[in-house]
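Here's the structure, in structure tokens; my notes come after.
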Amino acid sequence: GNFAQANINLNFPKNWVNGTSITTQLLQCYYLIFYTNVVLVLMVETRMGIDPTKTWTPRVRPPGWLGRLVGPISPVAFRLAFRTAFLGTQVALAEWFITSGSADVILDLQALTGGVGMAAMTFFIPSVLAYGLLP
């Protein structure tokens, strides 16, 4: 109805119970998002040939045109640049949604997440899984 908000906390009064709920959600979301990002960047770095246990040596050459441009660099420098670019992309996407002019950013994010998830689960993930099961 007209009184239902996409953000569930907006449906309840401003009191200490709702404040505690928001604080708990904040801590949980920080934990889940932080460690999800760590897993994602470690997976991508490992696929690129960057050993997560190495720091300054051996020097590695980033894949593709970037490796030809910068040459061999330490794993720490590569991780710093890659993770900064990864986080910068996330911040830019969040800013894009916040400044989109929409009155309800949470509803927009829910629509995007649903659209991406629905496309993945409906179209390409079943095909990839079926291909993986073929002899």
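The way I read the labels, and the way they are meant: chains A, B, ... in the order of the structure tokens, residue 1 as the first residue of every chain, and ligand 1 as the first ligand shown, with later ones counted on from there.
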Query raised in the report: How would you write, as a VMD selection string, the set of residues in chain A that DSSP gives as helix (DSSP H, G or I)?
Result: chain A and resid 8 to 11 16 to 47 65 to 70 75 to 98 105 to 133
Query raised in the report: Distance CA of Arg61 (chain A)-CA of Ser74 (chain A), one decimal place?
Result: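 CA of Ser74 (chain A) lies at a distance of 8.6 Å from CA of Arg61 (chain A).
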Query raised in the report: Which of these residues is nearest to Trp56 (chain A), using only C-alpha atoms: A:Arg68, A:Phe78, A:Ile33, A:Ala92?
Result: A:Phe78
Requested in this report: Skip Thr57 (chain A) itself and residues of its chain fewer than 5 positions away, then list as a list of chain:residue names all residues within 9 Å of it, counting only C-alpha atoms.
Outcome: A:Ile73, A:Ser74, A:Pro75, A:Val76
Query raised in the report: Skipping near chain neighbours, those fewer than 5 positions away, what residues fall within 12 Å of Thr53 (chain A) using only C-alpha atoms, listed as a PyMOL selection string?
Result: chain A and resi 42+45-46+58+75-76+79
Query raised in the report: Could you name the residues that touch Leu112 (chain A) at 12 Å or less, counting only C-alpha atoms, but leaving out those on the same chain fewer than 6 positions away, as a PyMOL selection string?
Result: chain A and resi 93-94+97+105-106+118-119
